[in-house]
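Engineer: For reference, this is entry-v1.pdb, and it has PDB, C-alpha atoms, pLDDT in the B column.
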ATOM      1  CA  MET A 133      -3.306 123.349 181.648  1.00 55.00           C
ATOM      2  CA  GLY A 134      -1.822 119.882 181.274  1.00 66.00           C
ATOM      3  CA  ALA A 135       1.473 118.988 179.638  1.00 74.00           C
ATOM      4  CA  GLN A 136      -0.221 117.473 176.575  1.00 79.00           C
ATOM      5  CA  GLU A 137      -2.322 120.574 175.955  1.00 81.00           C
ATOM      6  CA  ARG A 138       0.711 122.841 176.301  1.00 79.00           C
ATOM      7  CA  GLU A 139       2.649 120.620 173.900  1.00 83.00           C
ATOM      8  CA  ARG A 140      -0.162 120.813 171.329  1.00 81.00           C
ATOM      9  CA  LYS A 141      -1.067 124.490 171.659  1.00 84.00           C
ATOM     10  CA  VAL A 142       2.283 126.115 172.438  1.00 86.00           C
ATOM     11  CA  TYR A 143       5.288 123.877 171.775  1.00 89.00           C
ATOM     12  CA  ARG A 144       4.230 122.498 168.388  1.00 91.00           C
ATOM     13  CA  PRO A 145       3.623 125.920 166.795  1.00 91.00           C
ATOM     14  CA  LEU A 146       6.994 127.081 168.111  1.00 94.00           C
ATOM     15  CA  ARG A 147       8.678 123.965 166.716  1.00 95.00           C
ATOM     16  CA  ARG A 148       7.195 124.707 163.312  1.00 94.00           C
ATOM     17  CA  ALA A 149       8.853 128.127 163.595  1.00 95.00           C
ATOM     18  CA  GLY A 150      12.201 126.488 164.362  1.00 97.00           C
ATOM     19  CA  LEU A 151      12.296 126.644 168.172  1.00 97.00           C
ATOM     20  CA  GLU A 152      12.544 123.388 170.106  1.00 97.00           C
ATOM     21  CA  VAL A 153      11.308 123.844 173.679  1.00 95.00           C
ATOM     22  CA  ILE A 154      13.458 122.327 176.444  1.00 95.00           C
ATOM     23  CA  PRO A 155      11.054 122.047 179.409  1.00 90.00           C
ATOM     24  CA  ASP A 156      12.106 122.702 183.008  1.00 90.00           C
ATOM     25  CA  ALA A 157      15.642 123.775 182.086  1.00 95.00           C
ATOM     26  CA  VAL A 158      15.856 127.482 182.931  1.00 95.00           C
ATOM     27  CA  PRO A 159      19.167 128.211 184.730  1.00 94.00           C
ATOM     28  CA  ASP A 160      19.051 129.358 188.340  1.00 91.00           C
ATOM     29  CA  GLY A 161      19.451 133.060 188.957  1.00 90.00           C
ATOM     30  CA  VAL A 162      18.117 134.329 185.635  1.00 92.00           C
ATOM     31  CA  MET A 163      16.565 137.746 186.097  1.00 92.00           C
ATOM     32  CA  PRO A 164      12.787 137.420 185.800  1.00 90.00           C
ATOM     33  CA  PHE A 165      11.966 140.466 183.698  1.00 88.00           C
ATOM     34  CA  VAL A 166      13.426 143.474 181.875  1.00 92.00           C
ATOM     35  CA  GLY A 167      11.026 146.337 181.305  1.00 87.00           C
ATOM     36  CA  ALA A 168      13.240 149.406 181.083  1.00 90.00           C
ATOM     37  CA  TYR A 169      16.810 150.185 180.142  1.00 93.00           C
ATOM     38  CA  GLY A 170      19.123 153.129 179.604  1.00 93.00           C
ATOM     39  CA  ARG A 171      20.524 154.313 176.305  1.00 94.00           C
ATOM     40  CA  GLU A 172      23.975 153.312 177.502  1.00 96.00           C
ATOM     41  CA  ASP A 173      22.770 149.701 177.904  1.00 97.00           C
ATOM     42  CA  VAL A 174      21.894 149.227 174.223  1.00 97.00           C
ATOM     43  CA  ALA A 175      24.297 146.817 172.490  1.00 97.00           C
ATOM     44  CA  GLY A 176      22.498 146.700 169.154  1.00 97.00           C
ATOM     45  CA  TYR A 177      19.351 147.864 167.442  1.00 96.00           C
ATOM     46  CA  PHE A 178      17.471 147.684 164.165  1.00 98.00           C
ATOM     47  CA  SER A 179      14.114 148.842 162.866  1.00 97.00           C
ATOM     48  CA  HIS A 180      12.114 148.187 159.713  1.00 98.00           C
ATOM     49  CA  PRO A 181       8.892 149.895 158.593  1.00 97.00           C
ATOM     50  CA  TYR A 182       6.091 147.596 157.448  1.00 97.00           C
ATOM     51  CA  GLU A 183       6.504 148.648 153.820  1.00 97.00           C
ATOM     52  CA  THR A 184      10.084 147.285 153.739  1.00 97.00           C
ATOM     53  CA  PRO A 185      10.480 144.877 150.775  1.00 97.00           C
ATOM     54  CA  ARG A 186      10.900 141.240 151.873  1.00 97.00           C
ATOM     55  CA  LEU A 187      10.027 142.368 155.405  1.00 98.00           C
ATOM     56  CA  VAL A 188       9.964 138.948 157.095  1.00 98.00           C
ATOM     57  CA  GLU A 189      13.200 137.877 155.430  1.00 98.00           C
ATOM     58  CA  ARG A 190      14.953 141.119 156.407  1.00 98.00           C
ATOM     59  CA  LEU A 191      13.703 140.837 159.984  1.00 98.00           C
ATOM     60  CA  ASN A 192      14.943 137.239 160.230  1.00 98.00           C
ATOM     61  CA  GLU A 193      18.367 138.133 158.836  1.00 98.00           C
ATOM     62  CA  ASP A 194      18.858 141.100 161.140  1.00 98.00           C
ATOM     63  CA  TRP A 195      17.566 139.240 164.201  1.00 98.00           C
ATOM     64  CA  TYR A 196      20.031 136.417 163.625  1.00 98.00           C
ATOM     65  CA  GLU A 197      22.934 138.806 163.054  1.00 98.00           C
ATOM     66  CA  LEU A 198      22.053 140.723 166.224  1.00 98.00           C
ATOM     67  CA  ALA A 199      21.654 137.500 168.229  1.00 98.00           C
ATOM     68  CA  VAL A 200      25.055 136.173 167.140  1.00 98.00           C
ATOM     69  CA  SER A 201      26.913 139.471 167.553  1.00 97.00           C
ATOM     70  CA  THR A 202      25.572 140.081 171.069  1.00 97.00           C
ATOM     71  CA  GLY A 203      25.876 136.492 172.336  1.00 97.00           C
ATOM     72  CA  LEU A 204      22.212 135.562 172.713  1.00 98.00           C
ATOM     73  CA  PHE A 205      22.905 131.902 171.793  1.00 97.00           C
ATOM     74  CA  ASP A 206      25.143 129.484 173.653  1.00 97.00           C
ATOM     75  CA  HIS A 207      27.247 126.915 171.756  1.00 96.00           C
ATOM     76  CA  ARG A 208      24.152 124.686 171.354  1.00 97.00           C
ATOM     77  CA  ARG A 209      22.121 127.623 169.994  1.00 97.00           C
ATOM     78  CA  GLU A 210      20.043 127.645 173.185  1.00 98.00           C
ATOM     79  CA  PHE A 211      18.522 130.707 174.838  1.00 98.00           C
ATOM     80  CA  LEU A 212      15.418 131.802 176.758  1.00 98.00           C
ATOM     81  CA  VAL A 213      12.081 133.067 175.449  1.00 96.00           C
ATOM     82  CA  MET A 214       9.381 134.691 177.559  1.00 93.00           C
ATOM     83  CA  LEU A 215       6.180 132.659 177.216  1.00 89.00           C
ATOM     84  CA  PRO A 216       2.861 132.708 179.075  1.00 79.00           C
ATOM     85  CA  GLN A 217       2.190 130.113 181.750  1.00 67.00           C
ATOM     86  CA  GLY A 218      -0.968 129.052 179.949  1.00 50.00           C
ATOM     87  CA  THR A 219      -1.907 129.304 176.291  1.00 46.00           C
ATOM     88  CA  ARG A 220      -2.505 133.062 176.243  1.00 48.00           C
ATOM     89  CA  ALA A 221      -1.400 134.451 172.881  1.00 48.00           C
ATOM     90  CA  HIS A 222       0.702 137.566 172.368  1.00 44.00           C
ATOM     91  CA  ALA A 223      -2.270 139.468 170.942  1.00 49.00           C
ATOM     92  CA  ALA A 224      -4.348 138.540 174.002  1.00 49.00           C
ATOM     93  CA  SER A 225      -1.554 139.797 176.259  1.00 48.00           C
ATOM     94  CA  LEU A 226      -1.562 143.159 174.507  1.00 46.00           C
ATOM     95  CA  ARG A 227      -5.345 143.359 174.678  1.00 47.00           C
ATOM     96  CA  HIS A 228      -5.384 142.527 178.392  1.00 43.00           C
ATOM     97  CA  MET A 229      -2.651 145.061 179.077  1.00 40.00           C
ATOM     98  CA  HIS A 230      -4.511 147.870 177.341  1.00 37.00           C
ATOM     99  CA  GLU A 231      -7.814 146.896 178.959  1.00 40.00           C
ATOM    100  CA  GLY A 232      -6.276 146.798 182.451  1.00 41.00           C
ATOM    101  CA  CYS A 233      -7.136 143.144 183.003  1.00 42.00           C
ATOM    102  CA  ARG A 234      -6.811 142.161 186.671  1.00 42.00           C
ATOM    103  CA  THR A 235      -6.304 138.447 186.071  1.00 42.00           C
ATOM    104  CA  MET A 236      -3.541 138.443 183.459  1.00 44.00           C
ATOM    105  CA  PRO A 237      -1.295 135.446 184.252  1.00 49.00           C
ATOM    106  CA  PRO A 238       2.450 136.080 184.442  1.00 63.00           C
ATOM    107  CA  ALA A 239       4.850 135.086 181.699  1.00 78.00           C
ATOM    108  CA  LEU A 240       7.906 132.965 182.438  1.00 88.00           C
ATOM    109  CA  TRP A 241      11.189 132.161 180.780  1.00 94.00           C
ATOM    110  CA  THR A 242      11.268 128.979 178.704  1.00 94.00           C
ATOM    111  CA  ARG A 243      14.474 127.434 177.391  1.00 96.00           C
ATOM    112  CA  VAL A 244      14.573 126.825 173.640  1.00 97.00           C
ATOM    113  CA  ARG A 245      17.009 125.649 170.971  1.00 98.00           C
ATOM    114  CA  LEU A 246      17.172 127.236 167.523  1.00 98.00           C
ATOM    115  CA  LEU A 247      16.833 124.501 164.902  1.00 98.00           C
ATOM    116  CA  GLU A 248      18.578 124.484 161.528  1.00 96.00           C
ATOM    117  CA  ARG A 249      15.427 125.624 159.723  1.00 97.00           C
ATOM    118  CA  TRP A 250      13.616 128.482 161.395  1.00 98.00           C
ATOM    119  CA  ASP A 251      11.374 131.462 160.718  1.00 97.00           C
ATOM    120  CA  ILE A 252      11.107 133.559 163.876  1.00 97.00           C
ATOM    121  CA  MET A 253       9.599 136.656 162.265  1.00 97.00           C
ATOM    122  CA  GLY A 254       7.214 134.785 159.982  1.00 97.00           C
ATOM    123  CA  ARG A 255       5.885 131.499 161.380  1.00 95.00           C
ATOM    124  CA  GLY A 256       7.178 132.422 164.856  1.00 95.00           C
ATOM    125  CA  ALA A 257       5.196 135.650 164.925  1.00 94.00           C
ATOM    126  CA  GLY A 258       2.274 133.808 163.343  1.00 92.00           C
ATOM    127  CA  SER A 259       2.359 131.161 166.086  1.00 87.00           C
ATOM    128  CA  ALA A 260       0.567 133.720 168.321  1.00 82.00           C
ATOM    129  CA  PHE A 261       3.275 133.444 171.003  1.00 86.00           C
ATOM    130  CA  LEU A 262       6.050 135.470 169.332  1.00 93.00           C
ATOM    131  CA  GLY A 263       3.850 138.105 167.772  1.00 92.00           C
ATOM    132  CA  VAL A 264       0.487 138.995 166.300  1.00 90.00           C
ATOM    133  CA  ARG A 265       1.020 137.625 162.793  1.00 92.00           C
ATOM    134  CA  ALA A 266       3.810 137.123 160.267  1.00 95.00           C
ATOM    135  CA  GLY A 267       5.821 140.319 159.956  1.00 96.00           C
ATOM    136  CA  HIS A 268       4.330 141.674 163.209  1.00 95.00           C
ATOM    137  CA  PRO A 269       6.519 140.033 165.902  1.00 95.00           C
ATOM    138  CA  GLY A 270       6.655 140.773 169.605  1.00 94.00           C
ATOM    139  CA  PHE A 271       8.812 138.929 172.130  1.00 95.00           C
ATOM    140  CA  GLY A 272      11.451 139.001 174.846  1.00 95.00           C
ATOM    141  CA  MET A 273      14.552 136.788 174.729  1.00 97.00           C
ATOM    142  CA  MET A 274      17.459 136.310 177.137  1.00 97.00           C
ATOM    143  CA  ALA A 275      20.859 134.604 176.997  1.00 98.00           C
ATOM    144  CA  LEU A 276      21.166 131.661 179.398  1.00 97.00           C
ATOM    145  CA  ASP A 277      23.696 133.611 181.473  1.00 94.00           C
ATOM    146  CA  SER A 278      21.568 136.809 181.426  1.00 94.00           C
ATOM    147  CA  SER A 279      24.348 138.603 179.523  1.00 95.00           C
ATOM    148  CA  VAL A 280      21.986 140.014 176.894  1.00 97.00           C
ATOM    149  CA  TYR A 281      18.275 140.697 176.616  1.00 97.00           C
ATOM    150  CA  VAL A 282      16.583 141.136 173.226  1.00 98.00           C
ATOM    151  CA  ILE A 283      13.188 142.780 172.982  1.00 96.00           C
ATOM    152  CA  CYS A 284      11.101 143.021 169.815  1.00 96.00           C
ATOM    153  CA  SER A 285       8.069 145.284 169.613  1.00 93.00           C
ATOM    154  CA  THR A 286       5.498 145.912 166.891  1.00 91.00           C
ATOM    155  CA  GLY A 287       4.515 149.549 166.645  1.00 88.00           C
ATOM    156  CA  GLU A 288       2.196 151.593 164.466  1.00 90.00           C
ATOM    157  CA  ARG A 289       4.732 152.040 161.664  1.00 94.00           C
ATOM    158  CA  GLY A 290       7.128 149.168 161.946  1.00 96.00           C
ATOM    159  CA  VAL A 291       9.126 146.658 163.969  1.00 97.00           C
ATOM    160  CA  ASP A 292      11.825 147.634 166.471  1.00 97.00           C
ATOM    161  CA  VAL A 293      14.365 145.206 167.963  1.00 98.00           C
ATOM    162  CA  VAL A 294      16.788 146.191 170.751  1.00 97.00           C
ATOM    163  CA  ALA A 295      19.572 144.204 172.438  1.00 98.00           C
ATOM    164  CA  VAL A 296      20.364 145.220 176.031  1.00 97.00           C
ATOM    165  CA  ALA A 297      23.824 144.234 177.298  1.00 97.00           C
ATOM    166  CA  HIS A 298      24.276 142.878 180.849  1.00 96.00           C
ATOM    167  CA  PRO A 299      20.834 143.962 182.071  1.00 96.00           C
ATOM    168  CA  TYR A 300      21.592 142.674 185.595  1.00 94.00           C
ATOM    169  CA  ARG A 301      24.247 145.417 185.872  1.00 93.00           C
ATOM    170  CA  SER A 302      22.109 148.232 184.499  1.00 95.00           C
ATOM    171  CA  ALA A 303      21.131 150.896 187.027  1.00 94.00           C
ATOM    172  CA  GLU A 304      18.028 151.710 184.983  1.00 95.00           C
ATOM    173  CA  VAL A 305      16.934 148.056 184.738  1.00 94.00           C
ATOM    174  CA  LEU A 306      17.438 147.481 188.459  1.00 94.00           C
ATOM    175  CA  ARG A 307      15.666 150.714 189.382  1.00 93.00           C
ATOM    176  CA  HIS A 308      12.643 149.650 187.334  1.00 91.00           C
ATOM    177  CA  LEU A 309      12.595 146.166 188.887  1.00 91.00           C
ATOM    178  CA  GLU A 310      12.685 147.661 192.387  1.00 91.00           C
ATOM    179  CA  TRP A 311       9.762 149.885 191.473  1.00 89.00           C
ATOM    180  CA  LEU A 312       7.787 146.924 190.134  1.00 85.00           C
ATOM    181  CA  ALA A 313       8.549 144.815 193.208  1.00 85.00           C
ATOM    182  CA  GLY A 314       7.197 147.542 195.471  1.00 82.00           C
ATOM    183  CA  TRP A 315       4.241 148.535 193.305  1.00 73.00           C
ATOM    184  CA  ASP A 316       1.028 147.554 195.064  1.00 62.00           C
ATOM    185  CA  SER A 317      -1.264 147.275 192.065  1.00 57.00           C
ATOM    186  CA  ALA A 318      -4.290 145.045 191.589  1.00 41.00           C
ATOM    187  CA  TYR A 319      -3.612 145.091 187.865  1.00 47.00           C
ATOM    188  CA  GLU A 320      -0.513 142.924 188.239  1.00 56.00           C
ATOM    189  CA  HIS A 321      -0.568 139.250 189.085  1.00 68.00           C
ATOM    190  CA  PRO A 322       0.870 139.036 192.648  1.00 74.00           C
ATOM    191  CA  GLU A 323       3.299 136.302 191.615  1.00 78.00           C
ATOM    192  CA  PHE A 324       4.941 138.745 189.217  1.00 80.00           C
ATOM    193  CA  GLY A 325       6.017 141.096 191.992  1.00 83.00           C
ATOM    194  CA  ARG A 326       7.062 138.247 194.276  1.00 85.00           C
ATOM    195  CA  ARG A 327       9.356 136.753 191.633  1.00 87.00           C
ATOM    196  CA  ILE A 328      11.030 140.104 191.065  1.00 89.00           C
ATOM    197  CA  ALA A 329      11.438 140.775 194.791  1.00 90.00           C
ATOM    198  CA  ALA A 330      12.956 137.340 195.358  1.00 91.00           C
ATOM    199  CA  TRP A 331      15.438 137.813 192.526  1.00 92.00           C
ATOM    200  CA  LEU A 332      16.462 141.245 193.806  1.00 93.00           C
ATOM    201  CA  ALA A 333      16.946 139.892 197.328  1.00 91.00           C
ATOM    202  CA  GLY A 334      19.274 137.119 196.135  1.00 88.00           C
ATOM    203  CA  ARG A 335      20.790 138.960 193.184  1.00 80.00           C
ATOM    204  CA  ARG A 336      24.248 137.961 192.090  1.00 63.00           C
ATOM    205  CA  GLU A 337      25.988 138.254 188.763  1.00 60.00           C
ATOM    206  CA  PRO A 338      25.601 134.953 186.923  1.00 57.00           C
ATOM    207  CA  ALA A 339      28.655 132.999 185.862  1.00 50.00           C
ATOM    208  CA  THR A 340      29.763 133.637 182.306  1.00 50.00           C
ATOM    209  CA  ALA A 341      28.562 130.908 179.981  1.00 47.00           C
ATOM    210  CA  ASP A 342      30.226 129.583 176.841  1.00 45.00           C
ATOM    211  CA  THR A 343      28.500 131.544 174.093  1.00 42.00           C
ATOM    212  CA  GLY A 344      30.456 130.452 171.063  1.00 42.00           C
ATOM    213  CA  ALA A 345      28.864 131.624 167.847  1.00 39.00           C
ATOM    214  CA  PRO A 346      26.773 129.013 166.049  1.00 39.00           C
ATOM    215  CA  ALA A 347      28.041 127.743 162.730  1.00 34.00           C
ATOM    216  CA  VAL A 348      24.732 127.477 160.887  1.00 39.00           C
ATOM    217  CA  ALA A 349      23.725 130.396 158.697  1.00 37.00           C
ATOM    218  CA  PRO A 350      20.231 131.900 159.041  1.00 41.00           C
ATOM    219  CA  GLY A 351      17.470 130.351 157.022  1.00 46.00           C
ATOM    220  CA  ALA A 352      13.732 130.548 156.874  1.00 41.00           C
ATOM    221  CA  GLY A 353      12.251 127.142 156.218  1.00 39.00           C
TER     222      GLY A 353
END
Represent the structure contained in this file as structure tokens.
Structural biologist:
Amino acid sequence: MGAQERERKVYRPLRRAGLEVIPDAVPDGVMPFVGAYGREDVAGYFSHPYETPRLVERLNEDWYELAVSTGLFDHRREFLVMLPQGTRAHAASLRHMHEGCRTMPPALWTRVRLLERWDIMGRGAGSAFLGVRAGHPGFGMMALDSSVYVICSTGERGVDVVAVAHPYRSAEVLRHLEWLAGWDSAYEHPEFGRRIAAWLAGRREPATADTGAPAVAPGAG
């Protein structure tokens, strides 16, 4: 897929949700994936059932509070979001995963900046890349220095969001990555395992970044 198509199909919908994509700016050494964690790694958590009044607004407020309190943003309100290499939507990813698709392309970190007006859980989820539809989000986010990982999942009854502190230090996270790197499965894209193995081989704790809290209050535009 060309740059213009990616701009039109992926970056523009994200910008309408309040995320400005910064292409080709992922810091070196960022861990490629977090798929498991221990209870002791959890730095914050919230959950809302679908029948919660003002669901999207509540999800946005709690996501922002969790992001600020755990240091997801740097002083420019920049962080990483896991996005597909192509234009595969979140719903398609879930469908391929459940169907055991053998050609599912890997997702990669993309650097983004949170704009003054944003709506992660509404328009972001509705963009098809941060969820299934408004109020049904699903995404992975990482601080630029890998100090915190935030995962949002849409379940049968509601939305769960978990912040994992210092995932690169977590024994459970590292154990799962080692298992993935050595898992010879045709269901995974081979590049996925190679990226994980390369990161594990050269693993070092990233330098601490300046993660001063942003001054702008949350707002859904």
Engineer: For a quick check of understanding, using all atoms listed in the file, which of A:Cys284, A:Phe324, A:Phe261, A:Arg301 has the smallest distance to Lys141 (chain A)?
Structural biologist: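 That would be A:Phe261, the residue with the smallest distance to Lys141 (chain A).
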Engineer: Where does region 243-328 of chain A meet region 176-185 of chain A within 9 Å, residue by residue, with the nearest atom pair and distance in Å to one decimal for each, counting only C-alpha atoms, listed by chain and rising number, as a Markdown table?
Structural biologist:
| residue | atom | partner | partner_atom | distance |
| --- | --- | --- | --- | --- |
| A:Gly267 | CA | A:Tyr182 | CA | 7.7 |
| A:His268 | CA | A:Tyr182 | CA | 8.4 |
| A:Glu288 | CA | A:Tyr182 | CA | 9.0 |
| A:Arg289 | CA | A:Pro181 | CA | 5.6 |
| A:Gly290 | CA | A:Pro181 | CA | 3.9 |
| A:Val291 | CA | A:His180 | CA | 5.4 |
| A:Asp292 | CA | A:Ser179 | CA | 4.4 |
| A:Val293 | CA | A:Phe178 | CA | 5.5 |
| A:Val294 | CA | A:Tyr177 | CA | 4.5 |
| A:Ala295 | CA | A:Gly176 | CA | 5.1 |
| A:Val296 | CA | A:Gly176 | CA | 7.4 |
| A:Ala297 | CA | A:Gly176 | CA | 8.6 |
Engineer: Name every residue that the PyMOL selection byres ((chain A and resi 203-212) around 9) selects in this structure, writing the answer as a ChimeraX atom specification with chains first and numbers rising.
Structural biologist: /A:158,198-202,213-214,241-247,272-282,341-346
Engineer: Save the residues we just selected, C-alpha atoms, as an mmCIF file, in the frame of the given file?
Structural biologist:
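Final file, again.cif:
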data_model
loop_
_atom_site.group_PDB
_atom_site.id
_atom_site.type_symbol
_atom_site.label_atom_id
_atom_site.label_comp_id
_atom_site.auth_asym_id
_atom_site.auth_seq_id
_atom_site.Cartn_x
_atom_site.Cartn_y
_atom_site.Cartn_z
ATOM 1 C CA VAL A 158 15.856 127.482 182.931
ATOM 2 C CA LEU A 198 22.053 140.723 166.224
ATOM 3 C CA ALA A 199 21.654 137.500 168.229
ATOM 4 C CA VAL A 200 25.055 136.173 167.140
ATOM 5 C CA SER A 201 26.913 139.471 167.553
ATOM 6 C CA THR A 202 25.572 140.081 171.069
ATOM 7 C CA VAL A 213 12.081 133.067 175.449
ATOM 8 C CA MET A 214 9.381 134.691 177.559
ATOM 9 C CA TRP A 241 11.189 132.161 180.780
ATOM 10 C CA THR A 242 11.268 128.979 178.704
ATOM 11 C CA ARG A 243 14.474 127.434 177.391
ATOM 12 C CA VAL A 244 14.573 126.825 173.640
ATOM 13 C CA ARG A 245 17.009 125.649 170.971
ATOM 14 C CA LEU A 246 17.172 127.236 167.523
ATOM 15 C CA LEU A 247 16.833 124.501 164.902
ATOM 16 C CA GLY A 272 11.451 139.001 174.846
ATOM 17 C CA MET A 273 14.552 136.788 174.729
ATOM 18 C CA MET A 274 17.459 136.310 177.137
ATOM 19 C CA ALA A 275 20.859 134.604 176.997
ATOM 20 C CA LEU A 276 21.166 131.661 179.398
ATOM 21 C CA ASP A 277 23.696 133.611 181.473
ATOM 22 C CA SER A 278 21.568 136.809 181.426
ATOM 23 C CA SER A 279 24.348 138.603 179.523
ATOM 24 C CA VAL A 280 21.986 140.014 176.894
ATOM 25 C CA TYR A 281 18.275 140.697 176.616
ATOM 26 C CA VAL A 282 16.583 141.136 173.226
ATOM 27 C CA ALA A 341 28.562 130.908 179.981
ATOM 28 C CA ASP A 342 30.226 129.583 176.841
ATOM 29 C CA THR A 343 28.500 131.544 174.093
ATOM 30 C CA GLY A 344 30.456 130.452 171.063
ATOM 31 C CA ALA A 345 28.864 131.624 167.847
ATOM 32 C CA PRO A 346 26.773 129.013 166.049
#
Engineer: Quick one: residues within 9 Å of Gly270 (chain A), only C-alpha atoms, excluding same-chain residues fewer than 3 positions away - as a list in words?
Structural biologist: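 Using only C-alpha atoms, the neighbours found are His222, Met253, Ala257, Phe261, Leu262, Gly263, Val264, Ile283, Cys284, Ser285, Thr286 and Val291 of chain A.
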Engineer: Which residue is closest to Pro216 (chain A)? Choose from A:Gly150, A:Tyr143, A:Met163, A:Gly334 and count all atoms listed in the file.
Structural biologist: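 The answer is A:Tyr143, which sits nearest to Pro216 (chain A).
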Engineer: Here is a test: counting only C-alpha atoms, which residue of A:Arg249, A:Glu193, A:Gly161, A:Arg148 is nearest to Ala333 (chain A)?
Structural biologist: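 Smallest distance to Ala333 (chain A) is found for A:Gly161.
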Engineer: On this structure, the PyMOL selection byres ((chain A and resi 332) around 9) would catch which residues? List them as JSON, numbers by chain, sorted by chain and number.
Structural biologist: {"A": [163, 306, 309, 310, 313, 327, 328, 329, 330, 331, 333, 334, 335, 336]}
Engineer: Report the distance between CA of Ser259 (chain A) and CA of Ala239 (chain A) in Å, rounded to one decimal place.
Structural biologist: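 Computed distance, CA of Ser259 (chain A) to CA of Ala239 (chain A), equals 16.3 Å.
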Engineer: May I ask for the distance between CA of Asp251 (chain A) and CA of Ala149 (chain A), given in Å to one decimal place?
Structural biologist: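 Between these atoms lies a distance of 5.1 Å.
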Engineer: Provide region 259-276 of chain A of the preceding structure as a file containing C-alpha atoms, as a short mmCIF file (atom, residue, chain, number, x, y, z; two decimals), in the first residue's frame.
Structural biologist:
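Output below, filename decode-v2.cif:
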data_model
loop_
_atom_site.label_atom_id
_atom_site.label_comp_id
_atom_site.auth_asym_id
_atom_site.auth_seq_id
_atom_site.Cartn_x
_atom_site.Cartn_y
_atom_site.Cartn_z
CA SER A 259 -12.24 4.63 12.81
CA ALA A 260 -11.93 0.81 12.54
CA PHE A 261 -8.30 0.91 13.74
CA LEU A 262 -8.87 1.52 17.47
CA GLY A 263 -11.93 -0.64 17.85
CA VAL A 264 -15.03 -2.09 16.26
CA ARG A 265 -17.33 0.91 16.64
CA ALA A 266 -17.94 3.82 19.00
CA GLY A 267 -18.06 2.54 22.57
CA HIS A 268 -16.43 -0.76 21.53
CA PRO A 269 -12.69 0.10 21.49
CA GLY A 270 -9.74 -2.24 21.16
CA PHE A 271 -6.10 -1.16 21.01
CA GLY A 272 -2.57 -1.37 22.37
CA MET A 273 -0.57 1.73 23.33
CA MET A 274 2.98 2.21 24.61
CA ALA A 275 4.97 5.08 26.11
CA LEU A 276 7.89 6.19 23.93
#
